[in-house]
Amino acid sequence: MTLAAASAAGLAVLAITTAVWILSLITRDASLIDLFWGPLFAVQGWIYWTFTPDPSAVATAVAVLVTLWAARLALHLARRNLGKGEDPRYAAMRAAGGPAWPLRSLVTVFWLQAALAWVIGVPLAVVAGAGGPFDLPTLAACGVAVAGLLIETVADLQLARFKADPANAGRVLSTGLWRYSRHPNYFGDAVFWWGIFGVAAVHGGWWTVFAPLIMTGLLLKVSGVPLLEDRMVETRPEYRDYVRRTPAFVPWFPKRR
């Protein structure tokens, strides 16, 4: 990873998040930033690829994988969120922020996500410089990333189909992948990034282990599981029983009643 490539990637994510912040001021919807979380990584992946004099097949494959992951996430969130107003999480932050919210949100929401994306994207810089053909460890790591992408895709499709049935209003999905994990989509997301790290590690990037650790921590402790769990307990009467018998993150067989 060269300083020029890292600087270009950092400036790109900063520019994108700042532009989305301006749009959020116009629309009064800070949750628009969620739609751009995935694309921030795809942009970085291709910037690092571009700064590599002779990108290998490994570098290209990983850039494509990250682009597919980003596109899937952005489309999923757009289909779920657009036209429904500001996400309640951001609406609560707006109310608490008062008159200072517009400027505060630039730092605490938009630029914070830019910084996180830039740090988590460091393995992409290592992979971009990876030379040589696909070897067995690299294939295995890519396989982990593909598995994670498939898990989260299937989980989101199952949830979308469940929500589309009016008979399921107020109910909890507990079949398919959701029988074995309360958050299989988040689990798949984490697996994907551990796979990307695996490719980087094979090519000398063991030191970038902080990246998947941060991503997993965000999913488990910050923006993923906790926020959704609190809301589900309040709005779904049967969710407490679902929590009792179903693992939160890593899929496993449910407990018997």
# chains A, B, ... in the order shown; residues from 1 in each chain; ligands from 1
>>> residues_around(residues="Ala115 (chain A)", least_positions_apart="4", cutoff="8 Å", atoms="only C-alpha atoms", output="PyMOL selection string")
chain A and resi 10+14+111+119
>>> residues_around(residues="Gly143 (chain A)", least_positions_apart="5", cutoff="9 Å", atoms="only C-alpha atoms", output="MDAnalysis selection string")
chainID A and resid 138 148 195
>>> closest_residue(among="A:Ala8, A:Thr246, A:Trp49, A:Met215", to="Gly131 (chain A)", atoms="only C-alpha atoms")
A:Trp49
>>> select_by_dssp(residues="region 30-135 of chain A", states="helix (DSSP H, G or I)", output="PyMOL selection string")
chain A and resi 30-50+57-81+88-120+122-128
>>> closest_residue(among="A:Ile26, A:Leu218, A:Val58, A:Leu73", to="Gln113 (chain A)", atoms="only C-alpha atoms")
A:Leu218
>>> residues_around(residues="Leu116 (chain A)", least_positions_apart="2", cutoff="12 Å", atoms="only C-alpha atoms", output="list in words")
Gly10, Val13, Leu14, Thr17, Trp37, Gly38, Leu40, Phe41, Thr108, Val109, Phe110, Trp111, Leu112, Gln113, Ala114, Trp118, Val119, Ile120, Gly121, Val122, Phe210, Ala211, Pro212, Leu213, Ile214, Met215, Gly217 and Leu218 of chain A
>>> closest_residue(among="A:Asn81, A:Ala71, A:Pro55, A:Leu25", to="Arg104 (chain A)", atoms="only C-alpha atoms")
A:Leu25
>>> closest_residue(among="A:Val222, A:Ala96, A:Val172, A:Leu35", to="Ile16 (chain A)", atoms="only C-alpha atoms")
A:Leu35
>>> residues_around(residues="Ala201 (chain A)", least_positions_apart="5", cutoff="9 Å", atoms="only C-alpha atoms", output="PyMOL selection string")
chain A and resi 123+126-127+196+206-209
>>> write_last_selection(atoms="N, CA and C atoms", output="mmCIF file, in the first residue's frame")
data_model
loop_
_atom_site.group_PDB
_atom_site.id
_atom_site.type_symbol
_atom_site.label_atom_id
_atom_site.label_comp_id
_atom_site.auth_asym_id
_atom_site.auth_seq_id
_atom_site.Cartn_x
_atom_site.Cartn_y
_atom_site.Cartn_z
ATOM 1 N N PRO A 123 -7.221 -4.013 4.267
ATOM 2 C CA PRO A 123 -6.869 -5.278 3.607
ATOM 3 C C PRO A 123 -6.999 -5.228 2.086
ATOM 4 N N VAL A 126 -3.746 -4.252 0.643
ATOM 5 C CA VAL A 126 -2.786 -5.365 0.642
ATOM 6 C C VAL A 126 -3.089 -6.321 -0.504
ATOM 7 N N VAL A 127 -4.363 -6.634 -0.670
ATOM 8 C CA VAL A 127 -4.762 -7.572 -1.723
ATOM 9 C C VAL A 127 -4.452 -7.011 -3.102
ATOM 10 N N ILE A 196 -12.109 -11.805 3.127
ATOM 11 C CA ILE A 196 -11.255 -10.803 2.483
ATOM 12 C C ILE A 196 -9.946 -10.651 3.252
ATOM 13 N N TRP A 206 -1.217 -10.212 7.524
ATOM 14 C CA TRP A 206 -1.748 -10.659 8.815
ATOM 15 C C TRP A 206 -2.012 -9.477 9.748
ATOM 16 N N TRP A 207 -1.220 -8.442 9.616
ATOM 17 C CA TRP A 207 -1.348 -7.278 10.500
ATOM 18 C C TRP A 207 -2.656 -6.527 10.311
ATOM 19 N N THR A 208 -3.393 -6.808 9.240
ATOM 20 C CA THR A 208 -4.664 -6.119 9.002
ATOM 21 C C THR A 208 -5.831 -6.803 9.712
ATOM 22 N N VAL A 209 -5.548 -7.697 10.650
ATOM 23 C CA VAL A 209 -6.608 -8.412 11.367
ATOM 24 C C VAL A 209 -7.536 -7.448 12.102
#
>>> residues_around(residues="Leu150 (chain A)", least_positions_apart="4", cutoff="8 Å", atoms="only C-alpha atoms", output="VMD selection string")
chain A and resid 146 154 188
